[in-house]
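Next comes my_file.pdb, with PDB, C-alpha atoms.
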```pdb
ATOM      1  CA  MET A   1       0.000   0.000   0.000
ATOM      2  CA  PRO A   2       1.370   3.480  -0.801
ATOM      3  CA  SER A   3       2.307   5.579   2.199
ATOM      4  CA  PRO A   4       0.213   8.717   2.757
ATOM      5  CA  ALA A   5       2.041  12.014   2.426
ATOM      6  CA  GLU A   6       0.745  12.946   5.871
ATOM      7  CA  THR A   7      -1.615  11.610   8.503
ATOM      8  CA  ILE A   8      -3.911  14.092  10.205
ATOM      9  CA  LEU A   9      -5.970  13.494  13.331
ATOM     10  CA  VAL A  10      -8.697  16.048  14.021
ATOM     11  CA  VAL A  11      -9.855  16.335  17.634
ATOM     12  CA  ASP A  12     -13.394  17.645  17.963
ATOM     13  CA  HIS A  13     -13.470  20.246  20.755
ATOM     14  CA  ASN A  14     -11.762  18.130  23.421
ATOM     15  CA  VAL A  15      -8.773  19.980  24.898
ATOM     16  CA  ALA A  16      -7.554  17.111  27.076
ATOM     17  CA  LEU A  17      -7.667  14.604  24.217
ATOM     18  CA  HIS A  18      -5.943  17.050  21.892
ATOM     19  CA  GLU A  19      -3.036  17.522  24.302
ATOM     20  CA  ARG A  20      -2.728  13.778  24.919
ATOM     21  CA  ALA A  21      -2.747  13.000  21.197
ATOM     22  CA  ARG A  22      -0.028  15.578  20.557
ATOM     23  CA  ARG A  23       2.146  14.015  23.268
ATOM     24  CA  GLU A  24       1.677  10.370  22.364
ATOM     25  CA  LEU A  25       1.234  10.151  18.588
ATOM     26  CA  ASN A  26       4.441  10.326  16.608
ATOM     27  CA  GLY A  27       4.356  11.085  12.911
ATOM     28  CA  VAL A  28       0.781  12.338  13.102
ATOM     29  CA  LYS A  29      -0.340  15.931  12.597
ATOM     30  CA  VAL A  30      -2.828  16.545  15.407
ATOM     31  CA  VAL A  31      -5.137  19.510  14.891
ATOM     32  CA  GLU A  32      -8.184  20.864  16.650
ATOM     33  CA  ASN A  33     -11.547  21.311  15.014
ATOM     34  CA  GLU A  34     -11.527  25.063  14.488
ATOM     35  CA  SER A  35     -15.040  25.074  13.088
ATOM     36  CA  VAL A  36     -18.369  24.246  14.716
ATOM     37  CA  GLN A  37     -18.492  21.036  16.729
ATOM     38  CA  GLY A  38     -19.425  17.931  14.803
ATOM     39  CA  LEU A  39     -18.289  15.659  12.017
ATOM     40  CA  SER A  40     -18.638  18.237   9.246
ATOM     41  CA  GLY A  41     -16.608  20.842  11.100
ATOM     42  CA  ALA A  42     -13.915  18.290  11.941
ATOM     43  CA  ARG A  43     -13.605  17.183   8.324
ATOM     44  CA  ASN A  44     -13.384  20.787   7.159
ATOM     45  CA  SER A  45     -10.589  21.397   9.665
ATOM     46  CA  GLY A  46      -8.779  18.371   8.276
ATOM     47  CA  LEU A  47      -9.187  19.658   4.719
ATOM     48  CA  ALA A  48      -7.787  23.030   5.745
ATOM     49  CA  ALA A  49      -4.777  21.435   7.461
ATOM     50  CA  ALA A  50      -3.980  19.027   4.620
ATOM     51  CA  THR A  51      -1.384  19.847   1.960
ATOM     52  CA  GLY A  52      -1.825  16.948  -0.469
ATOM     53  CA  ARG A  53      -3.860  16.973  -3.673
ATOM     54  CA  ILE A  54      -6.062  14.072  -2.545
ATOM     55  CA  ALA A  55      -7.671  14.133   0.912
ATOM     56  CA  VAL A  56      -8.636  10.702   2.283
ATOM     57  CA  PHE A  57     -11.080  10.249   5.173
ATOM     58  CA  MET A  58     -11.528   7.399   7.614
ATOM     59  CA  ASP A  59     -13.359   7.271  10.951
ATOM     60  CA  ASP A  60     -11.571   6.780  14.254
ATOM     61  CA  ASP A  61     -13.421   3.501  14.897
ATOM     62  CA  ALA A  62     -12.387   1.875  11.609
ATOM     63  CA  GLU A  63      -9.349  -0.025  10.363
ATOM     64  CA  ALA A  64      -8.262  -0.366   6.760
ATOM     65  CA  ASP A  65      -7.231  -3.427   4.799
ATOM     66  CA  PRO A  66      -3.555  -3.352   3.744
ATOM     67  CA  ASP A  67      -4.379  -2.457   0.131
ATOM     68  CA  TRP A  68      -7.187  -0.015   0.979
ATOM     69  CA  LEU A  69      -5.403   3.192   0.050
ATOM     70  CA  SER A  70      -4.013   1.927  -3.259
ATOM     71  CA  HIS A  71      -7.486   0.829  -4.397
ATOM     72  CA  LEU A  72      -9.128   4.035  -3.156
ATOM     73  CA  ILE A  73      -6.835   6.368  -5.097
ATOM     74  CA  ALA A  74      -6.414   4.258  -8.260
ATOM     75  CA  PRO A  75      -9.485   5.763 -10.021
ATOM     76  CA  TYR A  76      -7.802   9.201 -10.037
ATOM     77  CA  ALA A  77      -5.861   8.044 -13.089
ATOM     78  CA  ASP A  78      -8.970   9.379 -14.842
ATOM     79  CA  VAL A  79      -8.805  13.172 -14.562
ATOM     80  CA  HIS A  80     -12.602  13.350 -14.474
ATOM     81  CA  VAL A  81     -12.742  11.486 -11.141
ATOM     82  CA  ILE A  82     -13.412  14.051  -8.442
ATOM     83  CA  ALA A  83     -14.008  11.721  -5.473
ATOM     84  CA  THR A  84     -13.945   8.030  -4.588
ATOM     85  CA  GLY A  85     -15.509   5.761  -2.009
ATOM     86  CA  GLY A  86     -14.690   2.308  -0.690
ATOM     87  CA  ARG A  87     -16.561  -0.562   0.915
ATOM     88  CA  VAL A  88     -17.254  -0.359   4.658
ATOM     89  CA  VAL A  89     -17.763  -3.715   6.370
ATOM     90  CA  ALA A  90     -19.419  -3.871   9.785
ATOM     91  CA  ALA A  91     -17.262  -5.361  12.549
ATOM     92  CA  TRP A  92     -19.924  -6.362  15.081
ATOM     93  CA  PRO A  93     -19.043  -6.487  18.812
ATOM     94  CA  GLU A  94     -19.975 -10.177  18.956
ATOM     95  CA  ARG A  95     -22.156 -11.256  16.076
ATOM     96  CA  ARG A  96     -24.539  -9.563  13.728
ATOM     97  CA  PRO A  97     -27.985  -9.018  15.345
ATOM     98  CA  ARG A  98     -30.344 -11.549  13.773
ATOM     99  CA  TRP A  99     -33.014  -8.884  13.266
ATOM    100  CA  MET A 100     -30.684  -6.484  11.409
ATOM    101  CA  PRO A 101     -31.316  -6.468   7.622
ATOM    102  CA  GLU A 102     -28.291  -5.968   5.387
ATOM    103  CA  GLU A 103     -30.314  -3.376   3.486
ATOM    104  CA  PHE A 104     -30.022  -1.116   6.547
ATOM    105  CA  ASP A 105     -26.307  -1.434   7.316
ATOM    106  CA  TRP A 106     -26.082   2.294   6.530
ATOM    107  CA  VAL A 107     -27.612   2.750   9.989
ATOM    108  CA  VAL A 108     -24.234   1.759  11.483
ATOM    109  CA  GLY A 109     -22.247   3.674   8.845
ATOM    110  CA  CYS A 110     -21.476   0.708   6.593
ATOM    111  CA  SER A 111     -22.036  -0.423   3.029
ATOM    112  CA  TYR A 112     -25.452  -1.974   2.551
ATOM    113  CA  ARG A 113     -27.211  -4.387   0.226
ATOM    114  CA  GLY A 114     -28.070  -2.493  -2.928
ATOM    115  CA  LEU A 115     -24.679  -0.880  -3.545
ATOM    116  CA  PRO A 116     -22.694  -2.024  -6.614
ATOM    117  CA  GLU A 117     -20.679  -5.235  -6.316
ATOM    118  CA  THR A 118     -17.944  -3.971  -8.652
ATOM    119  CA  GLU A 119     -16.371  -0.605  -9.444
ATOM    120  CA  ALA A 120     -19.075   1.819 -10.542
ATOM    121  CA  ASP A 121     -20.020   5.490 -10.671
ATOM    122  CA  ILE A 122     -22.163   6.555  -7.708
ATOM    123  CA  ARG A 123     -23.811   9.701  -6.419
ATOM    124  CA  ASN A 124     -21.879   9.824  -3.136
ATOM    125  CA  PRO A 125     -19.424   7.794  -1.053
ATOM    126  CA  ILE A 126     -19.675   6.757   2.608
ATOM    127  CA  GLY A 127     -17.595   9.044   4.819
ATOM    128  CA  CYS A 128     -15.825   6.246   6.683
ATOM    129  CA  SER A 129     -13.981   5.303   3.484
ATOM    130  CA  MET A 130     -13.777   8.150   1.014
ATOM    131  CA  SER A 131     -11.416  10.514  -0.748
ATOM    132  CA  VAL A 132     -11.773  13.757  -2.671
ATOM    133  CA  ARG A 133      -9.654  16.178  -4.642
ATOM    134  CA  ARG A 134      -8.829  18.615  -1.870
ATOM    135  CA  ASP A 135      -8.846  21.846  -3.894
ATOM    136  CA  ASP A 136     -12.182  20.956  -5.456
ATOM    137  CA  ALA A 137     -13.719  20.152  -2.073
ATOM    138  CA  LEU A 138     -12.582  23.506  -0.702
ATOM    139  CA  ARG A 139     -13.817  25.356  -3.786
ATOM    140  CA  ALA A 140     -17.203  23.649  -3.396
ATOM    141  CA  GLY A 141     -17.396  24.961   0.178
ATOM    142  CA  GLY A 142     -16.496  21.817   2.120
ATOM    143  CA  PHE A 143     -18.977  19.974   4.316
ATOM    144  CA  ARG A 144     -22.052  21.881   5.502
ATOM    145  CA  SER A 145     -22.231  22.424   9.255
ATOM    146  CA  GLU A 146     -26.033  22.037   9.058
ATOM    147  CA  MET A 147     -25.457  18.337   8.379
ATOM    148  CA  GLY A 148     -23.523  15.463   9.864
ATOM    149  CA  ARG A 149     -23.242  13.855  13.273
ATOM    150  CA  VAL A 150     -22.778  16.122  16.285
ATOM    151  CA  GLY A 151     -21.914  14.179  19.435
ATOM    152  CA  ALA A 152     -24.544  11.505  19.993
ATOM    153  CA  VAL A 153     -27.033  12.991  17.514
ATOM    154  CA  PRO A 154     -26.903  10.526  14.574
ATOM    155  CA  SER A 155     -27.557  12.877  11.663
ATOM    156  CA  GLY A 156     -26.057  12.347   8.217
ATOM    157  CA  CYS A 157     -26.068  13.299   4.509
ATOM    158  CA  GLU A 158     -23.037  15.585   4.715
ATOM    159  CA  GLU A 159     -21.144  13.427   2.198
ATOM    160  CA  THR A 160     -24.140  13.358  -0.150
ATOM    161  CA  ASP A 161     -24.480  17.123  -0.032
ATOM    162  CA  LEU A 162     -20.806  17.708  -0.811
ATOM    163  CA  ALA A 163     -20.879  15.117  -3.598
ATOM    164  CA  ILE A 164     -23.820  16.867  -5.268
ATOM    165  CA  ARG A 165     -22.065  20.228  -5.094
ATOM    166  CA  LEU A 166     -18.868  18.686  -6.470
ATOM    167  CA  GLY A 167     -20.842  17.311  -9.398
ATOM    168  CA  ARG A 168     -22.043  20.821 -10.225
ATOM    169  CA  LEU A 169     -18.538  22.207  -9.907
ATOM    170  CA  MET A 170     -17.112  20.305 -12.880
ATOM    171  CA  ARG A 171     -18.970  19.087 -15.967
ATOM    172  CA  GLY A 172     -18.397  15.429 -16.711
ATOM    173  CA  SER A 173     -16.970  14.692 -13.272
ATOM    174  CA  ARG A 174     -17.221  11.203 -11.769
ATOM    175  CA  ILE A 175     -17.485   9.825  -8.250
ATOM    176  CA  VAL A 176     -16.323   6.226  -8.212
ATOM    177  CA  TYR A 177     -17.181   3.415  -5.793
ATOM    178  CA  GLU A 178     -14.398   0.837  -5.501
ATOM    179  CA  PRO A 179     -15.468  -2.079  -3.265
ATOM    180  CA  ALA A 180     -11.921  -3.471  -3.264
ATOM    181  CA  ALA A 181     -10.975  -0.521  -1.034
ATOM    182  CA  THR A 182     -12.251  -1.990   2.225
ATOM    183  CA  VAL A 183     -12.291  -0.810   5.828
ATOM    184  CA  ARG A 184     -13.681  -2.597   8.884
ATOM    185  CA  HIS A 185     -15.979  -0.309  10.864
ATOM    186  CA  HIS A 186     -16.263  -1.343  14.516
ATOM    187  CA  VAL A 187     -19.867  -1.134  15.670
ATOM    188  CA  ALA A 188     -20.381  -0.037  19.272
ATOM    189  CA  PRO A 189     -22.700  -2.306  21.311
ATOM    190  CA  ALA A 190     -25.169   0.563  21.772
ATOM    191  CA  ARG A 191     -25.663   0.691  18.007
ATOM    192  CA  THR A 192     -26.898  -2.916  17.866
ATOM    193  CA  ARG A 193     -30.111  -2.038  19.723
ATOM    194  CA  TRP A 194     -33.541  -1.301  18.326
ATOM    195  CA  SER A 195     -33.534   2.117  20.002
ATOM    196  CA  TYR A 196     -30.503   3.251  18.017
ATOM    197  CA  PHE A 197     -31.946   1.800  14.808
ATOM    198  CA  TRP A 198     -35.121   3.873  15.126
ATOM    199  CA  SER A 199     -33.220   6.998  16.159
ATOM    200  CA  ARG A 200     -30.791   6.757  13.253
ATOM    201  CA  CYS A 201     -33.602   6.179  10.730
ATOM    202  CA  TYR A 202     -35.523   9.176  12.061
ATOM    203  CA  ARG A 203     -32.474  11.466  11.933
ATOM    204  CA  GLU A 204     -31.678  10.265   8.410
ATOM    205  CA  GLY A 205     -35.141  11.336   7.341
ATOM    206  CA  ILE A 206     -34.593  14.779   8.824
ATOM    207  CA  SER A 207     -31.203  15.038   7.099
ATOM    208  CA  LYS A 208     -32.705  14.023   3.755
ATOM    209  CA  ALA A 209     -35.361  16.740   4.062
ATOM    210  CA  ILE A 210     -32.699  19.378   4.746
ATOM    211  CA  LEU A 211     -30.675  18.094   1.800
ATOM    212  CA  ALA A 212     -33.735  18.237  -0.470
ATOM    213  CA  ARG A 213     -34.340  21.849   0.581
ATOM    214  CA  LEU A 214     -30.743  22.835  -0.131
ATOM    215  CA  GLU A 215     -30.110  20.841  -3.301
ATOM    216  CA  GLY A 216     -33.549  19.954  -4.679
ATOM    217  CA  SER A 217     -35.392  16.675  -4.286
ATOM    218  CA  SER A 218     -34.390  15.365  -7.725
ATOM    219  CA  ARG A 219     -30.710  15.358  -6.720
ATOM    220  CA  ALA A 220     -31.185  14.629  -3.028
ATOM    221  CA  LEU A 221     -33.502  11.645  -3.422
ATOM    222  CA  ALA A 222     -32.524  10.073  -6.753
ATOM    223  CA  SER A 223     -30.727   7.078  -5.229
ATOM    224  CA  GLU A 224     -33.269   6.766  -2.430
ATOM    225  CA  ARG A 225     -36.145   6.268  -4.867
ATOM    226  CA  THR A 226     -34.469   3.241  -6.419
ATOM    227  CA  TYR A 227     -33.533   1.961  -2.974
ATOM    228  CA  ALA A 228     -37.088   2.281  -1.638
ATOM    229  CA  LEU A 229     -38.840   0.942  -4.731
ATOM    230  CA  LYS A 230     -36.510  -1.922  -5.661
ATOM    231  CA  VAL A 231     -34.014  -2.857  -2.942
ATOM    232  CA  LEU A 232     -36.305  -2.739   0.091
ATOM    233  CA  PRO A 233     -39.230  -4.736  -1.386
ATOM    234  CA  LEU A 234     -36.780  -7.481  -2.362
ATOM    235  CA  GLY A 235     -35.414  -7.385   1.176
ATOM    236  CA  VAL A 236     -38.883  -7.891   2.637
ATOM    237  CA  LEU A 237     -39.494 -10.842   0.318
ATOM    238  CA  ARG A 238     -36.106 -12.270   1.244
ATOM    239  CA  GLY A 239     -36.900 -12.024   4.944
ATOM    240  CA  VAL A 240     -40.283 -13.676   4.544
ATOM    241  CA  GLY A 241     -38.753 -16.364   2.374
ATOM    242  CA  THR A 242     -36.073 -17.248   4.908
ATOM    243  CA  ALA A 243     -38.736 -17.344   7.633
ATOM    244  CA  LEU A 244     -40.756 -19.835   5.592
ATOM    245  CA  GLY A 245     -37.543 -21.811   5.209
ATOM    246  CA  GLY A 246     -37.148 -22.105   8.960
ATOM    247  CA  ASP A 247     -35.190 -18.959   9.930
ATOM    248  CA  LEU A 248     -37.871 -17.172  11.943
ATOM    249  CA  ALA A 249     -35.613 -14.134  12.393
ATOM    250  CA  GLY A 250     -36.375 -13.397   8.749
ATOM    251  CA  ILE A 251     -39.723 -12.001   9.882
ATOM    252  CA  LEU A 252     -37.879  -9.602  12.185
ATOM    253  CA  ARG A 253     -35.635  -8.474   9.350
ATOM    254  CA  ALA A 254     -38.635  -7.920   7.086
ATOM    255  CA  ALA A 255     -40.363  -5.960   9.861
ATOM    256  CA  ALA A 256     -37.226  -3.873  10.421
ATOM    257  CA  ILE A 257     -37.182  -2.923   6.725
ATOM    258  CA  VAL A 258     -40.825  -1.847   6.754
ATOM    259  CA  GLY A 259     -40.511  -0.074  10.108
ATOM    260  CA  GLY A 260     -37.211   1.574   9.198
ATOM    261  CA  LEU A 261     -38.672   3.009   6.008
ATOM    262  CA  TYR A 262     -41.738   4.255   7.890
ATOM    263  CA  VAL A 263     -39.693   5.955  10.627
ATOM    264  CA  THR A 264     -37.359   7.500   8.046
ATOM    265  CA  ALA A 265     -40.413   8.914   6.259
ATOM    266  CA  LEU A 266     -41.667  10.383   9.551
ATOM    267  CA  GLY A 267     -38.281  11.997  10.041
ATOM    268  CA  TYR A 268     -38.454  13.426   6.535
ATOM    269  CA  LEU A 269     -41.807  15.063   7.296
ATOM    270  CA  ALA A 270     -40.403  16.547  10.516
ATOM    271  CA  GLY A 271     -37.307  17.692   8.645
ATOM    272  CA  GLU A 272     -39.371  19.540   6.057
ATOM    273  CA  ILE A 273     -40.629  21.791   8.840
ATOM    274  CA  GLN A 274     -37.083  22.418  10.129
ATOM    275  CA  ALA A 275     -35.777  23.050   6.614
ATOM    276  CA  ARG A 276     -38.093  25.984   5.930
ATOM    277  CA  ARG A 277     -35.579  28.381   7.459
ATOM    278  CA  LEU A 278     -32.920  27.354   4.914
ATOM    279  CA  PRO A 279     -32.484  28.872   1.420
ATOM    280  CA  PRO A 280     -34.357  27.023  -1.360
ATOM    281  CA  ALA A 281     -32.546  24.730  -3.754
ATOM    282  CA  ASP A 282     -32.605  27.079  -6.755
ATOM    283  CA  ALA A 283     -30.789  29.814  -4.797
ATOM    284  CA  GLY A 284     -28.021  27.428  -3.749
ATOM    285  CA  ALA A 285     -27.682  26.032  -7.255
ATOM    286  CA  SER A 286     -27.447  29.506  -8.795
ATOM    287  CA  ALA A 287     -24.705  30.535  -6.378
ATOM    288  CA  ALA A 288     -22.785  27.331  -7.031
ATOM    289  CA  SER A 289     -23.101  27.799 -10.798
ATOM    290  CA  ARG A 290     -21.681  31.309 -10.590
ATOM    291  CA  GLY A 291     -18.773  30.064  -8.486
ATOM    292  CA  ALA A 292     -18.017  27.205 -10.869
ATOM    293  CA  SER A 293     -18.401  29.105 -14.147
ATOM    294  CA  ALA A 294     -14.696  29.860 -14.426
ATOM    295  CA  ASP A 295     -13.691  26.207 -13.914
ATOM    296  CA  SER A 296     -16.322  24.113 -15.640
ATOM    297  CA  HIS A 297     -13.978  21.404 -16.872
ATOM    298  CA  ARG A 298     -10.565  20.055 -15.962
ATOM    299  CA  GLN A 299      -7.658  20.513 -18.371
ATOM    300  CA  GLU A 300      -4.838  18.808 -16.475
ATOM    301  CA  PRO A 301      -4.638  16.071 -13.837
ATOM    302  CA  LYS A 302      -3.971  17.117 -10.282
TER     303      LYS A 302
END
```
As structure tokens, how would this structure be written, given the file I've shared?
Amino acid sequence: MPSPAETILVVDHNVALHERARRELNGVKVVENESVQGLSGARNSGLAAATGRIAVFMDDDAEADPDWLSHLIAPYADVHVIATGGRVVAAWPERRPRWMPEEFDWVVGCSYRGLPETEADIRNPIGCSMSVRRDDALRAGGFRSEMGRVGAVPSGCEETDLAIRLGRLMRGSRIVYEPAATVRHHVAPARTRWSYFWSRCYREGISKAILARLEGSSRALASERTYALKVLPLGVLRGVGTALGGDLAGILRAAAIVGGLYVTALGYLAGEIQARRLPPADAGASAASRGASADSHRQEPK
């Protein structure tokens, strides 16, 4: 695996942890989150501190396969590739909960059933295993502070929002999913409970509503429509089928799919109310178009 030019650890508003990390971690650039608290602010602080052309992100509770980085950056041989994403495999504390459907592994920040099995263009990567052309990410405005996890509040969609804005920044750009670039995401025991499942689904619905307000529902919900209309019904049938075959937990998995979709929809309705204070999609798109007009296509590789 190629060695990274630099390794940056961003500490999110924790003075004691920041000082400890600076003392104990050799060869690591330790920086504080100088933006608002939360995942988006921390990632923006990392982007600002980085000096390389490609910025690679991984969560602090994940570990990469030995060839992860080489696979993740390989697609940049195509100058039209603006970002990449890898596969995120759940590392359960003991074993996978029998009621947990693979279609909802995004609840614990992992790749889920319905994603491509081979390299393919996608709308957005998963933040636990992703990379982006740093200058382009900064020019697009970085991650929005209105989105992303803050402490224990399991919000999301910050990667989707940035990916959509990156797509507007450069005509013909590509975001590539490379499942050979794999990380193992350790799932905390608290995230294997029904209570977390419902909470995460509800917050995802809220995040999707905010994203739809900012970027327009056609962009924000394009992948979700296919997921809801094709992937989830097949998952329900699969669960019922395995139950008829003797695995009674299949009924629980089918129920989790139906219930998860319902709770996510409730969150979306609640999020529409919250999102009314944000600028409408056409205003954001117009501003982004003006900012990108001078750099609508790439001439040279970075």
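Distance check against Leu211 (chain A) using all atoms listed in the file: of A:Trp92, A:Tyr268, A:Tyr262, A:Phe57, the minimum falls on A:Tyr268.
In this structure, CA of Gly85 (chain A) sits 14.6 Å away from CA of Asp161 (chain A).
Between Ala137 (chain A) and the residues A:Leu162, A:Val31, A:Val176, A:Val183, the shortest atom-to-atom distance, using all atoms listed in the file, involves A:Leu162.
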Worksheet entry | Selected residue, from A:Asp105, A:Glu34, A:Asp247, A:Glu178, that lies nearest to Glu119 (chain A) when counting only C-alpha atoms | A:Glu178
Response to the item:
With distances taken over all atoms listed in the file, the candidate from A:Arg113, A:Lys29, A:Arg144, A:Arg276 nearest Gly235 (chain A) is A:Arg113
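Distance check against Arg213 (chain A) using all atoms listed in the file: of A:Arg165, A:Arg238, A:Arg277, A:Arg193, the minimum falls on A:Arg277.
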Taking (-38.4, -9.5, 1.6) in the file's coordinates, which residues come within 12 Å, counting all atoms listed in the file, written as a compact mmCIF listing (two decimals) with C-alpha atoms, keeping the file's coordinate frame?
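Everything below was put into part.txt:
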```
# COMPACT_ATOMS: atom_id res chain seq x y z
CA PRO A 101 -31.32 -6.47 7.62
CA GLU A 102 -28.29 -5.97 5.39
CA GLU A 103 -30.31 -3.38 3.49
CA LYS A 230 -36.51 -1.92 -5.66
CA VAL A 231 -34.01 -2.86 -2.94
CA LEU A 232 -36.30 -2.74 0.09
CA PRO A 233 -39.23 -4.74 -1.39
CA LEU A 234 -36.78 -7.48 -2.36
CA GLY A 235 -35.41 -7.38 1.18
CA VAL A 236 -38.88 -7.89 2.64
CA LEU A 237 -39.49 -10.84 0.32
CA ARG A 238 -36.11 -12.27 1.24
CA GLY A 239 -36.90 -12.02 4.94
CA VAL A 240 -40.28 -13.68 4.54
CA GLY A 241 -38.75 -16.36 2.37
CA THR A 242 -36.07 -17.25 4.91
CA ALA A 243 -38.74 -17.34 7.63
CA LEU A 244 -40.76 -19.84 5.59
CA GLY A 250 -36.38 -13.40 8.75
CA ILE A 251 -39.72 -12.00 9.88
CA LEU A 252 -37.88 -9.60 12.18
CA ARG A 253 -35.64 -8.47 9.35
CA ALA A 254 -38.64 -7.92 7.09
CA ALA A 255 -40.36 -5.96 9.86
CA ALA A 256 -37.23 -3.87 10.42
CA ILE A 257 -37.18 -2.92 6.72
CA VAL A 258 -40.83 -1.85 6.75
```
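Between CA of Thr118 (chain A) and CA of Tyr177 (chain A) the separation is 8.0 Å.
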Worksheet, complete the sentence: Residue with the minimum atom-to-atom distance to Ala140 (chain A), picked from A:His13, A:Arg168, A:Arg98, A:His185 with all atoms listed in the file counted, is A:Arg168
Worksheet item: Once the PyMOL selection byres ((chain A and resi 35-46) around 8) has been applied to the shown file, what residues remain in the selection, as a list in words?
Response: Ile8, Leu9, Val10, Val11, Asp12, His13, Val31, Glu32, Asn33, Glu34, Leu47, Ala48, Ala49, Ala50, Gly142, Phe143, Arg144, Ser145, Met147, Gly148, Arg149, Val150, Gly151 and Glu158 of chain A
Practice prompt. Write out as a list in words each polymer residue whose atoms come within 10 Å of region 58-65 of chain A, counting all atoms listed in the file; drop sequence neighbours fewer than 3 positions from it.
Written response: Met1, Leu9, Val10, Leu39, Trp68, Leu69, Val88, Val89, Ala90, Ala91, Gly109, Ile126, Gly127, Cys128, Ser129, Met130, Ser131, Ala180, Ala181, Thr182, Val183, Arg184, His185, His186, Val187 and Ala188 of chain A
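Computed from the coordinates, the CA of Gly86 (chain A) to CA of Gly259 (chain A) distance equals 28.1 Å.
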Using all atoms listed in the file, tabulate the residues of region 27-70 of chain A lying at most 7 Å from any atom of region 132-136 of chain A, each with its closest atom pair and that distance in Å to one decimal, by chain and increasing residue number, as JSON lines.
```
{"residue": "A:Leu47", "atom": "CA", "partner": "A:Arg134", "partner_atom": "CA", "distance": 6.7}
{"residue": "A:Arg53", "atom": "CA", "partner": "A:Arg134", "partner_atom": "CA", "distance": 5.5}
{"residue": "A:Ile54", "atom": "CA", "partner": "A:Arg133", "partner_atom": "CA", "distance": 4.7}
{"residue": "A:Ala55", "atom": "CA", "partner": "A:Arg134", "partner_atom": "CA", "distance": 5.4}
{"residue": "A:Val56", "atom": "CA", "partner": "A:Val132", "partner_atom": "CA", "distance": 6.6}
```
Just-selected residues, C-alpha atoms written as a short mmCIF file (atom, residue, chain, number, x, y, z; two decimals), keeping the file's coordinate frame:
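Just written: part-v7.cif:
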```cif
data_model
loop_
_atom_site.label_atom_id
_atom_site.label_comp_id
_atom_site.auth_asym_id
_atom_site.auth_seq_id
_atom_site.Cartn_x
_atom_site.Cartn_y
_atom_site.Cartn_z
CA LEU A 47 -9.19 19.66 4.72
CA ARG A 53 -3.86 16.97 -3.67
CA ILE A 54 -6.06 14.07 -2.54
CA ALA A 55 -7.67 14.13 0.91
CA VAL A 56 -8.64 10.70 2.28
#
```
What residues come out when you apply the PyMOL selection byres ((chain A and resi 194-203) around 8) to this file, written as a compact mmCIF listing (two decimals) with C-alpha atoms, keeping the file's coordinate frame?
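Below is the file expr_28.txt, written as the result:
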```txt
# COMPACT_ATOMS: atom_id res chain seq x y z
CA VAL A 107 -27.61 2.75 9.99
CA VAL A 153 -27.03 12.99 17.51
CA PRO A 154 -26.90 10.53 14.57
CA SER A 155 -27.56 12.88 11.66
CA GLY A 156 -26.06 12.35 8.22
CA ALA A 190 -25.17 0.56 21.77
CA ARG A 191 -25.66 0.69 18.01
CA THR A 192 -26.90 -2.92 17.87
CA ARG A 193 -30.11 -2.04 19.72
CA GLU A 204 -31.68 10.26 8.41
CA GLY A 205 -35.14 11.34 7.34
CA ILE A 206 -34.59 14.78 8.82
CA SER A 207 -31.20 15.04 7.10
CA GLY A 260 -37.21 1.57 9.20
CA LEU A 261 -38.67 3.01 6.01
CA VAL A 263 -39.69 5.96 10.63
CA THR A 264 -37.36 7.50 8.05
CA ALA A 265 -40.41 8.91 6.26
CA LEU A 266 -41.67 10.38 9.55
CA GLY A 267 -38.28 12.00 10.04
CA TYR A 268 -38.45 13.43 6.54
```
Listed atoms of region 249-265 of chain A boxed axis-aligned with 8 Å per side, centre + edges as AutoDock Vina command-line options:
```
--center_x -38.7 --center_y -2.6 --center_z 9.2 --size_x 22.1 --size_y 39.0 --size_z 22.4
```
With all atoms listed in the file as the counted atoms, please give the residues lying no more than 10 Å from Pro280 (chain A), apart from itself and same-chain residues fewer than 6 positions off, as a CSV table (one decimal) with C-alpha atoms, in the coordinates of the input.
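Below is the file that was written, part.csv:
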```
chain,number,residue,atom,x,y,z
A,210,ILE,CA,-32.7,19.4,4.7
A,212,ALA,CA,-33.7,18.2,-0.5
A,213,ARG,CA,-34.3,21.8,0.6
A,214,LEU,CA,-30.7,22.8,-0.1
A,215,GLU,CA,-30.1,20.8,-3.3
A,216,GLY,CA,-33.5,20.0,-4.7
```
Kindly extract all protein, DNA and RNA residues lying within 10 Å of the coordinates (-23.7, 18.2, -6.8) given in the file, considering only C-alpha atoms, and supply them as a JSON list (two decimals) with C-alpha atoms, keeping the file's coordinate frame.
```
[["chain", "number", "residue", "atom", "x", "y", "z"],
["A", 123, "ARG", "CA", -23.81, 9.70, -6.42],
["A", 124, "ASN", "CA", -21.88, 9.82, -3.14],
["A", 140, "ALA", "CA", -17.20, 23.65, -3.40],
["A", 160, "THR", "CA", -24.14, 13.36, -0.15],
["A", 161, "ASP", "CA", -24.48, 17.12, -0.03],
["A", 162, "LEU", "CA", -20.81, 17.71, -0.81],
["A", 163, "ALA", "CA", -20.88, 15.12, -3.60],
["A", 164, "ILE", "CA", -23.82, 16.87, -5.27],
["A", 165, "ARG", "CA", -22.06, 20.23, -5.09],
["A", 166, "LEU", "CA", -18.87, 18.69, -6.47],
["A", 167, "GLY", "CA", -20.84, 17.31, -9.40],
["A", 168, "ARG", "CA", -22.04, 20.82, -10.22],
["A", 169, "LEU", "CA", -18.54, 22.21, -9.91],
["A", 170, "MET", "CA", -17.11, 20.30, -12.88],
["A", 173, "SER", "CA", -16.97, 14.69, -13.27],
["A", 215, "GLU", "CA", -30.11, 20.84, -3.30],
["A", 219, "ARG", "CA", -30.71, 15.36, -6.72],
["A", 220, "ALA", "CA", -31.18, 14.63, -3.03],
["A", 285, "ALA", "CA", -27.68, 26.03, -7.26],
["A", 288, "ALA", "CA", -22.78, 27.33, -7.03]]
```
